[in-house]
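Engineer: The following block contains the structure, expressed as structure tokens.
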Number of protein chains: 2
Amino acid sequence: MNIEPIARIYTDFPDKFGIPRQSGLVDGLIGKIVFEKKYKSVDAIRQLENFSHLWLIWEFTKSKVKPDKFVATVHPPKLGGDVKVGVFASRSPFRPNSLGLSCVKIEKIDIESEKAPIIYVSGVDILSETPIYDIKPYIPYADCHVDAKEGYTAITKHAEIEVDFPSDLLEKIKKDKQEAVLGVLKQDPRAAYNKKPDYIYGMAFEEYDIRFKAENGKLIVVDVCYRNEKNYKNVK
Amino acid sequence: MNIEPIARIYTDFPDKFGIPRQSGLVDGLIGKIVFEKKYKSVDAIRQLENFSHLWLIWEFTKSKVKPDKFVATVHPPKLGGDVKVGVFASRSPFRPNSLGLSCVKIEKIDIESEKAPIIYVSGVDILSETPIYDIKPYIPYADCHVDAKEGYTAITKHAEIEVDFPSDLLEKIKKDKQEAVLGVLKQDPRAAYNKKPDYIYGMAFEEYDIRFKAENGKLIVVDVCYRNEKNYKNVK
């Protein structure tokens with residue numbers, strides 16, 4: 001079946017590294033959903049403002065598996081190097097059809113500006129400029145299962161790490177983005193099987209490059225620079 | 001983007017009429033997920049047994065909108081004839097990309113029979129033989145939002161109707177399917193804008209044709225026949 005983008009989402013992640021592994025983990029991460037010309041209609045989202053959350057079905061554009069190659073298992077990044085689970089028992093990006101599913105919170109719906117409708121959502125876990133194939137309201141009676149078993153994600157959900165972000169470096173970042181950056185780092189962007197000692201990691205976030213190292217079980221930010229490439233559209 | 005089926009689901013619904021409007025509304029409705037040859041791998045569902053619920057992304061095969069025609073609003077069937085909501089504020093099948101999203105409960109996973117793996121799920125709201133494009137575990141910390149606002153679905157979630165199913169007719173149906181049939185009828189398969197008085201409705205369910213009418217605010221089953229066409233695969 002051929003599917004076509006109905007919208008694109010703009011976020012503070014120009015690169016994959018650092019994106020939280022599920023939606024809702026970092027509240028401060030905002031995404032801006034802008035519809036494609038053909039679907040740009042205020043009518044198409046009528047009554048969406050009465051819901052609080054929505055589903056996005058989108059495309060993993062940078063984690064493609066080779067066509068005609070089926071890899072049945074994946075390594076969830078937080079489970080350590082040896083544990084493999086089935087691809088259909090995971091939300092890994094490396095899957096037969098590159099479809100992502102995220103539940104995000106509706107923050108604001110703009111129905112007046114030139115590009116309206118624009119939906120601002122929080123808790124995003126999506127690369128900037130990602131094509132969106134569907135938007136559906138979150139319906140509590142069908143979607144909210146308080147008794148659901150969490151499988152191996154029980155181990156990984158509280159995987160927060162201490163972050164040391166010197167205040168002179170943090171102040172380089174716009175005030176309204178500081179909390180989100182801290183939230184992203186607390187999720188520990190490093191995969192469990194890719195923890196290099198004495199290595200300076202670089203995470204692109206909005207217009208910044210956040211450089212950090214890991215020491216004694218915490219992350220230490222060592223520099224914040226402006227990124228050179230400005231050829232991406234982040235959320236404004 | 002081109003996507004291809006990874007599996008098909010077999011349910012007791014050979015036709016659209018009667019399918020509950022969301023997943024989870026009728027527990028007794030079982031679906032049997034059988035993988036396509038290319039994706040038939042017990043490894044691919046490793047650790048899925050430790051979750052209780054899963055997401056299915058599937059195709060609305062019988063509710064296509066015309067290509068290049070975008071219809072921005074829909075009539076939710078339970079809201080009465082006059083209320084229109086945006087297609088992206090609804091889970092209507094009539095949407096730009098014909099993608100359905102259902103959360104179902106895992107009942108049993110067969111990893112031993114010839115066609116294994118087969119996943120048996122309950123609470124289905126899907127037509128039999130529907131192509132499945134993705135299977136993902138339900139992850140409570142990301143998917144379960146107990147504070148979510150339910151929008152107009154607050155009005156429709158308890159839309160149960162009284163059902164009068166004479167016992168001699170009910171006994172014509174296999175014992176293990178009786179509760180599911182009652183559950184489906186209680187959801188009132190009729191759309192709010194399509195309630196014809198003195199009309200005998202026919203609902204295909206498994207190998208039966210359930211005929212009913214509506215009178216004084218309840219549904220009365222008037223006949224149960226075997227369906228003539230047997231050219232569909234229902235869940236066994």
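Chain labels follow the order of the structure tokens: the first chain is A, the next B, and so on; residue numbering restarts at 1 in every chain, and ligands are counted from 1 in their shown order.
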Could I get the residues of chain A with an atom no further than 6 Å from an atom of chain B, each paired with its nearest atom pair and that distance in Å to one decimal, using only C-alpha atoms, sorted by chain and residue number, as a Markdown table?
Structural biologist:
| residue | atom | partner | partner_atom | distance |
| --- | --- | --- | --- | --- |
| A:Met1 | CA | B:Ile3 | CA | 5.3 |
| A:Asn2 | CA | B:Asn2 | CA | 4.4 |
| A:Ile3 | CA | B:Met1 | CA | 5.3 |
| A:Ser23 | CA | B:Ala142 | CA | 5.9 |
| A:Gly24 | CA | B:Ala142 | CA | 5.9 |
| A:Asp43 | CA | B:Gly86 | CA | 5.4 |
| A:Ala44 | CA | B:Gly86 | CA | 3.9 |
| A:Ile45 | CA | B:Gly86 | CA | 4.3 |
| A:Arg46 | CA | B:Gly86 | CA | 4.3 |
| A:Gln47 | CA | B:Val85 | CA | 5.9 |
| A:Leu48 | CA | B:Ala89 | CA | 4.7 |
| A:Asn50 | CA | B:Gly151 | CA | 4.5 |
| A:Phe51 | CA | B:Gly151 | CA | 4.7 |
| A:Ser52 | CA | B:Lys149 | CA | 5.0 |
| A:Ala72 | CA | B:Ala44 | CA | 4.3 |
| A:Thr73 | CA | B:Ala44 | CA | 5.6 |
| A:Val85 | CA | B:Arg46 | CA | 5.1 |
| A:Gly86 | CA | B:Ala44 | CA | 3.9 |
| A:Val87 | CA | B:Ala44 | CA | 5.2 |
| A:Phe88 | CA | B:Ile45 | CA | 5.2 |
| A:Ala89 | CA | B:Leu48 | CA | 4.7 |
| A:Ser90 | CA | B:Lys136 | CA | 6.0 |
| A:Arg91 | CA | B:Lys136 | CA | 5.8 |
| A:Asn97 | CA | B:Ile3 | CA | 5.6 |
| A:Ile135 | CA | B:Phe88 | CA | 5.3 |
| A:Lys136 | CA | B:Phe88 | CA | 5.3 |
| A:Pro137 | CA | B:Ala89 | CA | 5.4 |
| A:Ile139 | CA | B:Glu150 | CA | 5.7 |
| A:Ala142 | CA | B:Gly24 | CA | 5.9 |
| A:Cys144 | CA | B:Cys144 | CA | 4.7 |
| A:His145 | CA | B:Cys144 | CA | 6.0 |
| A:Ala148 | CA | B:Ser52 | CA | 5.6 |
| A:Lys149 | CA | B:Phe51 | CA | 4.9 |
| A:Glu150 | CA | B:Phe51 | CA | 5.6 |
| A:Gly151 | CA | B:Asn50 | CA | 4.6 |
Engineer: List as a list of chain:residue names the protein and nucleic acid residues near Asp198 of chain B, meaning an atom at most 9 Å away when only C-alpha atoms are counted, but skip any in the same chain fewer than 4 places from it.
Structural biologist: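 Near neighbours after the sequence-gap exclusion: B:Lys213, B:Ala214, B:Glu215.
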Engineer: Run DSSP on the backbone and tell me which residues of segment 16-181 of chain B come out as helix (DSSP H, G or I); list them as an mmCIF file with all heavy atoms, in the first residue's frame.
Structural biologist:
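Below is the file that was written, result.cif:
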data_model
loop_
_atom_site.group_PDB
_atom_site.id
_atom_site.type_symbol
_atom_site.label_atom_id
_atom_site.label_comp_id
_atom_site.auth_asym_id
_atom_site.auth_seq_id
_atom_site.Cartn_x
_atom_site.Cartn_y
_atom_site.Cartn_z
ATOM 1 N N LYS B 37 4.672 -15.159 4.927
ATOM 2 C CA LYS B 37 5.809 -16.090 4.847
ATOM 3 C C LYS B 37 7.152 -15.416 5.211
ATOM 4 O O LYS B 37 7.911 -15.922 6.023
ATOM 5 C CB LYS B 37 5.877 -16.661 3.417
ATOM 6 C CG LYS B 37 6.682 -17.921 3.294
ATOM 7 C CD LYS B 37 6.619 -18.466 1.880
ATOM 8 C CE LYS B 37 7.742 -19.484 1.683
ATOM 9 N NZ LYS B 37 7.961 -19.768 0.251
ATOM 10 N N LYS B 38 7.370 -14.262 4.624
ATOM 11 C CA LYS B 38 8.651 -13.566 4.817
ATOM 12 C C LYS B 38 8.920 -13.207 6.285
ATOM 13 O O LYS B 38 10.080 -13.111 6.700
ATOM 14 C CB LYS B 38 8.619 -12.291 3.967
ATOM 15 C CG LYS B 38 9.874 -11.463 3.976
ATOM 16 C CD LYS B 38 9.753 -10.329 2.956
ATOM 17 C CE LYS B 38 10.864 -9.308 3.128
ATOM 18 N NZ LYS B 38 10.607 -8.105 2.309
ATOM 19 N N TYR B 39 7.848 -12.985 7.051
ATOM 20 C CA TYR B 39 8.010 -12.522 8.434
ATOM 21 C C TYR B 39 7.658 -13.587 9.473
ATOM 22 O O TYR B 39 7.535 -13.294 10.647
ATOM 23 C CB TYR B 39 7.168 -11.253 8.651
ATOM 24 C CG TYR B 39 7.546 -10.165 7.684
ATOM 25 C CD1 TYR B 39 6.729 -9.845 6.594
ATOM 26 C CD2 TYR B 39 8.759 -9.494 7.816
ATOM 27 C CE1 TYR B 39 7.110 -8.873 5.686
ATOM 28 C CE2 TYR B 39 9.143 -8.533 6.910
ATOM 29 C CZ TYR B 39 8.315 -8.220 5.846
ATOM 30 O OH TYR B 39 8.700 -7.262 4.946
ATOM 31 N N VAL B 42 9.613 -17.119 14.813
ATOM 32 C CA VAL B 42 9.341 -17.100 16.256
ATOM 33 C C VAL B 42 10.249 -16.066 16.945
ATOM 34 O O VAL B 42 9.846 -15.411 17.908
ATOM 35 C CB VAL B 42 9.490 -18.522 16.855
ATOM 36 C CG1 VAL B 42 9.490 -18.478 18.368
ATOM 37 C CG2 VAL B 42 8.343 -19.421 16.366
ATOM 38 N N ASP B 43 11.446 -15.885 16.415
ATOM 39 C CA ASP B 43 12.358 -14.873 16.959
ATOM 40 C C ASP B 43 11.751 -13.467 16.927
ATOM 41 O O ASP B 43 12.003 -12.648 17.815
ATOM 42 C CB ASP B 43 13.654 -14.834 16.132
ATOM 43 C CG ASP B 43 14.631 -15.905 16.590
ATOM 44 O OD1 ASP B 43 14.443 -16.442 17.703
ATOM 45 O OD2 ASP B 43 15.557 -16.216 15.826
ATOM 46 N N ALA B 44 10.964 -13.191 15.900
ATOM 47 C CA ALA B 44 10.460 -11.828 15.690
ATOM 48 C C ALA B 44 9.471 -11.388 16.770
ATOM 49 O O ALA B 44 9.165 -10.201 16.894
ATOM 50 C CB ALA B 44 9.810 -11.703 14.318
ATOM 51 N N ILE B 45 8.956 -12.361 17.569
ATOM 52 C CA ILE B 45 8.040 -11.974 18.654
ATOM 53 C C ILE B 45 8.617 -12.353 20.023
ATOM 54 O O ILE B 45 7.896 -12.361 21.015
ATOM 55 C CB ILE B 45 6.637 -12.601 18.465
ATOM 56 C CG1 ILE B 45 6.742 -14.124 18.348
ATOM 57 C CG2 ILE B 45 5.929 -12.017 17.246
ATOM 58 C CD1 ILE B 45 5.445 -14.810 18.680
ATOM 59 N N LEU B 48 7.454 -11.030 23.541
ATOM 60 C CA LEU B 48 6.115 -10.443 23.451
ATOM 61 C C LEU B 48 5.183 -11.052 24.501
ATOM 62 O O LEU B 48 4.257 -10.404 24.984
ATOM 63 C CB LEU B 48 5.530 -10.657 22.044
ATOM 64 C CG LEU B 48 4.227 -9.915 21.728
ATOM 65 C CD1 LEU B 48 4.408 -8.404 21.816
ATOM 66 C CD2 LEU B 48 3.698 -10.279 20.338
ATOM 67 N N GLU B 49 5.464 -12.296 24.890
ATOM 68 C CA GLU B 49 4.612 -12.990 25.867
ATOM 69 C C GLU B 49 4.635 -12.314 27.247
ATOM 70 O O GLU B 49 3.764 -12.579 28.072
ATOM 71 C CB GLU B 49 5.008 -14.474 25.987
ATOM 72 C CG GLU B 49 6.369 -14.759 26.642
ATOM 73 C CD GLU B 49 7.561 -14.624 25.696
ATOM 74 O OE1 GLU B 49 7.387 -14.140 24.553
ATOM 75 O OE2 GLU B 49 8.687 -14.999 26.104
ATOM 76 N N ASN B 50 5.612 -11.444 27.488
ATOM 77 C CA ASN B 50 5.660 -10.747 28.777
ATOM 78 C C ASN B 50 4.856 -9.444 28.794
ATOM 79 O O ASN B 50 4.785 -8.767 29.812
ATOM 80 C CB ASN B 50 7.107 -10.462 29.164
ATOM 81 C CG ASN B 50 7.905 -11.741 29.355
ATOM 82 O OD1 ASN B 50 7.358 -12.741 29.821
ATOM 83 N ND2 ASN B 50 9.167 -11.732 28.967
ATOM 84 N N PRO B 77 -20.487 7.827 13.906
ATOM 85 C CA PRO B 77 -21.782 7.149 13.822
ATOM 86 C C PRO B 77 -22.642 7.275 15.071
ATOM 87 O O PRO B 77 -23.863 7.234 14.976
ATOM 88 C CB PRO B 77 -21.415 5.688 13.548
ATOM 89 C CG PRO B 77 -19.952 5.571 13.735
ATOM 90 C CD PRO B 77 -19.373 6.929 13.591
ATOM 91 N N LYS B 78 -22.037 7.442 16.234
ATOM 92 C CA LYS B 78 -22.819 7.494 17.468
ATOM 93 C C LYS B 78 -23.242 8.912 17.850
ATOM 94 O O LYS B 78 -23.861 9.111 18.890
ATOM 95 C CB LYS B 78 -22.035 6.884 18.631
ATOM 96 C CG LYS B 78 -21.677 5.423 18.442
ATOM 97 C CD LYS B 78 -22.849 4.512 18.712
ATOM 98 C CE LYS B 78 -22.555 3.087 18.250
ATOM 99 N NZ LYS B 78 -23.742 2.239 18.274
ATOM 100 N N LEU B 79 -22.835 9.904 17.080
ATOM 101 C CA LEU B 79 -23.107 11.291 17.488
ATOM 102 C C LEU B 79 -24.376 11.873 16.883
ATOM 103 O O LEU B 79 -24.680 13.036 17.081
ATOM 104 C CB LEU B 79 -21.920 12.193 17.136
ATOM 105 C CG LEU B 79 -20.738 12.212 18.084
ATOM 106 C CD1 LEU B 79 -19.764 13.302 17.680
ATOM 107 C CD2 LEU B 79 -21.165 12.415 19.537
ATOM 108 N N VAL B 87 -11.599 14.903 10.375
ATOM 109 C CA VAL B 87 -11.151 13.522 10.185
ATOM 110 C C VAL B 87 -9.963 13.194 11.097
ATOM 111 O O VAL B 87 -9.854 12.067 11.598
ATOM 112 C CB VAL B 87 -10.858 13.232 8.684
ATOM 113 C CG1 VAL B 87 -9.674 14.047 8.171
ATOM 114 C CG2 VAL B 87 -10.625 11.748 8.449
ATOM 115 N N PHE B 88 -9.103 14.194 11.387
ATOM 116 C CA PHE B 88 -7.958 13.952 12.266
ATOM 117 C C PHE B 88 -8.319 14.095 13.748
ATOM 118 O O PHE B 88 -7.469 13.920 14.622
ATOM 119 C CB PHE B 88 -6.784 14.858 11.902
ATOM 120 C CG PHE B 88 -6.311 14.653 10.493
ATOM 121 C CD1 PHE B 88 -6.194 15.721 9.607
ATOM 122 C CD2 PHE B 88 -5.999 13.383 10.021
ATOM 123 C CE1 PHE B 88 -5.775 15.539 8.303
ATOM 124 C CE2 PHE B 88 -5.585 13.182 8.716
ATOM 125 C CZ PHE B 88 -5.476 14.263 7.851
ATOM 126 N N ALA B 89 -9.570 14.432 14.026
ATOM 127 C CA ALA B 89 -10.078 14.398 15.397
ATOM 128 C C ALA B 89 -10.960 13.164 15.549
ATOM 129 O O ALA B 89 -11.762 13.081 16.470
ATOM 130 C CB ALA B 89 -10.861 15.668 15.698
ATOM 131 N N PRO B 140 3.094 0.706 28.871
ATOM 132 C CA PRO B 140 2.283 1.551 29.765
ATOM 133 C C PRO B 140 2.872 2.934 30.022
ATOM 134 O O PRO B 140 2.148 3.930 29.969
ATOM 135 C CB PRO B 140 2.206 0.719 31.052
ATOM 136 C CG PRO B 140 2.327 -0.692 30.588
ATOM 137 C CD PRO B 140 3.285 -0.649 29.422
ATOM 138 N N TYR B 141 4.182 3.036 30.257
ATOM 139 C CA TYR B 141 4.700 4.358 30.642
ATOM 140 C C TYR B 141 4.567 5.376 29.508
ATOM 141 O O TYR B 141 4.520 6.576 29.748
ATOM 142 C CB TYR B 141 6.129 4.279 31.212
ATOM 143 C CG TYR B 141 7.259 4.083 30.240
ATOM 144 C CD1 TYR B 141 7.641 5.061 29.336
ATOM 145 C CD2 TYR B 141 8.001 2.896 30.251
ATOM 146 C CE1 TYR B 141 8.693 4.869 28.459
ATOM 147 C CE2 TYR B 141 9.051 2.700 29.389
ATOM 148 C CZ TYR B 141 9.398 3.685 28.485
ATOM 149 O OH TYR B 141 10.443 3.481 27.629
ATOM 150 N N ALA B 142 4.488 4.902 28.285
ATOM 151 C CA ALA B 142 4.359 5.828 27.150
ATOM 152 C C ALA B 142 2.919 5.930 26.637
ATOM 153 O O ALA B 142 2.538 6.947 26.063
ATOM 154 C CB ALA B 142 5.271 5.379 26.010
ATOM 155 N N ASP B 143 2.129 4.878 26.820
ATOM 156 C CA ASP B 143 0.828 4.803 26.145
ATOM 157 C C ASP B 143 -0.371 5.006 27.055
ATOM 158 O O ASP B 143 -1.470 5.267 26.572
ATOM 159 C CB ASP B 143 0.669 3.434 25.465
ATOM 160 C CG ASP B 143 1.764 3.155 24.453
ATOM 161 O OD1 ASP B 143 2.378 4.129 23.971
ATOM 162 O OD2 ASP B 143 2.008 1.977 24.140
ATOM 163 N N THR B 153 -15.882 11.602 22.608
ATOM 164 C CA THR B 153 -16.081 10.172 22.869
ATOM 165 C C THR B 153 -16.650 9.939 24.274
ATOM 166 O O THR B 153 -17.115 8.849 24.578
ATOM 167 C CB THR B 153 -14.782 9.366 22.688
ATOM 168 O OG1 THR B 153 -13.857 9.703 23.715
ATOM 169 C CG2 THR B 153 -14.159 9.624 21.327
ATOM 170 N N ALA B 154 -16.627 10.980 25.120
ATOM 171 C CA ALA B 154 -17.276 10.879 26.434
ATOM 172 C C ALA B 154 -18.762 10.549 26.267
ATOM 173 O O ALA B 154 -19.351 9.826 27.068
ATOM 174 C CB ALA B 154 -17.110 12.186 27.205
ATOM 175 N N ILE B 155 -19.349 11.083 25.206
ATOM 176 C CA ILE B 155 -20.787 10.870 24.962
ATOM 177 C C ILE B 155 -21.055 9.451 24.463
ATOM 178 O O ILE B 155 -22.085 8.856 24.743
ATOM 179 C CB ILE B 155 -21.292 11.872 23.881
ATOM 180 C CG1 ILE B 155 -20.981 13.299 24.293
ATOM 181 C CG2 ILE B 155 -22.773 11.683 23.591
ATOM 182 C CD1 ILE B 155 -21.101 14.310 23.144
ATOM 183 N N THR B 156 -20.119 8.915 23.710
ATOM 184 C CA THR B 156 -20.394 7.687 22.965
ATOM 185 C C THR B 156 -19.893 6.417 23.639
ATOM 186 O O THR B 156 -20.278 5.326 23.262
ATOM 187 C CB THR B 156 -19.754 7.772 21.567
ATOM 188 O OG1 THR B 156 -18.340 7.894 21.724
ATOM 189 C CG2 THR B 156 -20.280 8.962 20.794
ATOM 190 N N SER B 167 -33.739 -17.461 23.489
ATOM 191 C CA SER B 167 -32.755 -18.515 23.790
ATOM 192 C C SER B 167 -32.706 -19.597 22.698
ATOM 193 O O SER B 167 -31.648 -20.161 22.431
ATOM 194 C CB SER B 167 -33.033 -19.132 25.158
ATOM 195 O OG SER B 167 -34.354 -19.608 25.194
ATOM 196 N N ASP B 168 -33.841 -19.875 22.052
ATOM 197 C CA ASP B 168 -33.801 -20.904 20.998
ATOM 198 C C ASP B 168 -32.932 -20.449 19.827
ATOM 199 O O ASP B 168 -32.309 -21.252 19.143
ATOM 200 C CB ASP B 168 -35.226 -21.259 20.533
ATOM 201 C CG ASP B 168 -35.993 -20.045 20.031
ATOM 202 O OD1 ASP B 168 -35.877 -18.965 20.674
ATOM 203 O OD2 ASP B 168 -36.686 -20.148 19.009
ATOM 204 N N LEU B 169 -32.876 -19.134 19.602
ATOM 205 C CA LEU B 169 -32.016 -18.623 18.521
ATOM 206 C C LEU B 169 -30.565 -18.568 18.981
ATOM 207 O O LEU B 169 -29.649 -18.920 18.237
ATOM 208 C CB LEU B 169 -32.494 -17.240 18.087
ATOM 209 C CG LEU B 169 -33.871 -17.199 17.411
ATOM 210 C CD1 LEU B 169 -34.275 -15.758 17.090
ATOM 211 C CD2 LEU B 169 -33.875 -18.042 16.121
ATOM 212 N N LEU B 170 -30.372 -18.131 20.222
ATOM 213 C CA LEU B 170 -29.003 -18.029 20.746
ATOM 214 C C LEU B 170 -28.315 -19.398 20.749
ATOM 215 O O LEU B 170 -27.115 -19.510 20.480
ATOM 216 C CB LEU B 170 -29.024 -17.439 22.158
ATOM 217 C CG LEU B 170 -27.678 -17.046 22.757
ATOM 218 C CD1 LEU B 170 -26.956 -16.015 21.891
ATOM 219 C CD2 LEU B 170 -27.821 -16.469 24.169
ATOM 220 N N LYS B 175 -21.400 -22.341 21.586
ATOM 221 C CA LYS B 175 -21.355 -21.858 22.978
ATOM 222 C C LYS B 175 -20.283 -20.780 23.188
ATOM 223 O O LYS B 175 -20.537 -19.749 23.792
ATOM 224 C CB LYS B 175 -21.083 -23.036 23.928
ATOM 225 C CG LYS B 175 -22.337 -23.735 24.413
ATOM 226 C CD LYS B 175 -22.234 -24.136 25.890
ATOM 227 C CE LYS B 175 -23.569 -24.142 26.607
ATOM 228 N NZ LYS B 175 -24.721 -24.555 25.797
ATOM 229 N N ASP B 176 -19.068 -21.020 22.652
ATOM 230 C CA ASP B 176 -17.957 -20.114 22.939
ATOM 231 C C ASP B 176 -18.040 -18.799 22.147
ATOM 232 O O ASP B 176 -17.183 -17.932 22.306
ATOM 233 C CB ASP B 176 -16.619 -20.811 22.694
ATOM 234 C CG ASP B 176 -16.414 -21.196 21.237
ATOM 235 O OD1 ASP B 176 -17.420 -21.288 20.485
ATOM 236 O OD2 ASP B 176 -15.254 -21.397 20.831
ATOM 237 N N LYS B 177 -19.062 -18.674 21.301
ATOM 238 C CA LYS B 177 -19.225 -17.427 20.538
ATOM 239 C C LYS B 177 -20.434 -16.616 21.006
ATOM 240 O O LYS B 177 -20.628 -15.487 20.578
ATOM 241 C CB LYS B 177 -19.428 -17.750 19.042
ATOM 242 C CG LYS B 177 -18.286 -18.493 18.377
ATOM 243 C CD LYS B 177 -17.154 -17.549 18.012
ATOM 244 C CE LYS B 177 -16.041 -18.323 17.306
ATOM 245 N NZ LYS B 177 -14.877 -17.469 17.069
ATOM 246 N N GLN B 178 -21.252 -17.221 21.875
ATOM 247 C CA GLN B 178 -22.512 -16.574 22.251
ATOM 248 C C GLN B 178 -22.309 -15.229 22.952
ATOM 249 O O GLN B 178 -22.965 -14.236 22.644
ATOM 250 C CB GLN B 178 -23.337 -17.520 23.148
ATOM 251 C CG GLN B 178 -23.862 -18.744 22.398
ATOM 252 C CD GLN B 178 -24.641 -19.709 23.287
ATOM 253 O OE1 GLN B 178 -24.866 -19.436 24.457
ATOM 254 N NE2 GLN B 178 -25.046 -20.838 22.729
ATOM 255 N N GLU B 179 -21.364 -15.214 23.868
ATOM 256 C CA GLU B 179 -21.134 -13.984 24.618
ATOM 257 C C GLU B 179 -20.636 -12.854 23.705
ATOM 258 O O GLU B 179 -21.046 -11.701 23.828
ATOM 259 C CB GLU B 179 -20.106 -14.241 25.726
ATOM 260 C CG GLU B 179 -20.233 -13.291 26.893
ATOM 261 C CD GLU B 179 -19.209 -13.595 27.983
ATOM 262 O OE1 GLU B 179 -18.886 -14.794 28.167
ATOM 263 O OE2 GLU B 179 -18.719 -12.646 28.606
ATOM 264 N N ALA B 180 -19.768 -13.211 22.772
ATOM 265 C CA ALA B 180 -19.232 -12.216 21.845
ATOM 266 C C ALA B 180 -20.342 -11.634 20.966
ATOM 267 O O ALA B 180 -20.408 -10.416 20.752
ATOM 268 C CB ALA B 180 -18.133 -12.839 20.985
ATOM 269 N N VAL B 181 -21.246 -12.500 20.480
ATOM 270 C CA VAL B 181 -22.347 -12.013 19.642
ATOM 271 C C VAL B 181 -23.219 -11.044 20.433
ATOM 272 O O VAL B 181 -23.561 -9.962 19.948
ATOM 273 C CB VAL B 181 -23.211 -13.191 19.136
ATOM 274 C CG1 VAL B 181 -24.469 -12.660 18.452
ATOM 275 C CG2 VAL B 181 -22.427 -14.053 18.186
#
Engineer: How many Å separate atom CA of Phe60 of chain B from atom CA of Leu56 of chain A?
Structural biologist: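 Atom CA of Phe60 of chain B sits 17.2 Å away from atom CA of Leu56 of chain A.
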Engineer: Which distance in Å separates atom CA of Leu182 of chain A and atom CA of Gly18 of chain A, to one decimal?
Structural biologist: 11.2 Å
Engineer: Check segment 89-227 of chain A with DSSP on the backbone and list each residue it calls strand (DSSP E or B), as a ChimeraX atom specification.
Structural biologist: /A:99-110,118-122,130-137,150,162-164,201-205,208-215,218-226
Engineer: To one decimal in Å, tell me the separation between atom CA of Pro14 of chain A and atom CA of Phe205 of chain A.
Structural biologist: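 Spanning atom CA of Pro14 of chain A to atom CA of Phe205 of chain A is a straight-line distance of 6.9 Å.
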Engineer: Contacts of Ile19 of chain A at 9 Å or less, counting only C-alpha atoms, minus same-chain residues fewer than 2 places along, as a VMD selection string?
Structural biologist: chain A and resid 13 15 to 17 21 to 22 124 to 127 184 189
Engineer: So that I can check the surroundings of Gly202 of chain A, please list as a ChimeraX atom specification every protein, DNA and RNA residue that reaches within 10 Å of it, counting only C-alpha atoms and ignoring chain neighbours fewer than 5 positions away.
Structural biologist: /A:17-18,208-213,221,223-225
Engineer: Considering only C-alpha atoms, state which residue in the set A:Leu219, A:Val121, A:Val65, A:Ile9 is at the smallest distance from Pro197 of chain A.
Structural biologist: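 The shortest atom-to-atom distance to Pro197 of chain A comes from A:Leu219.
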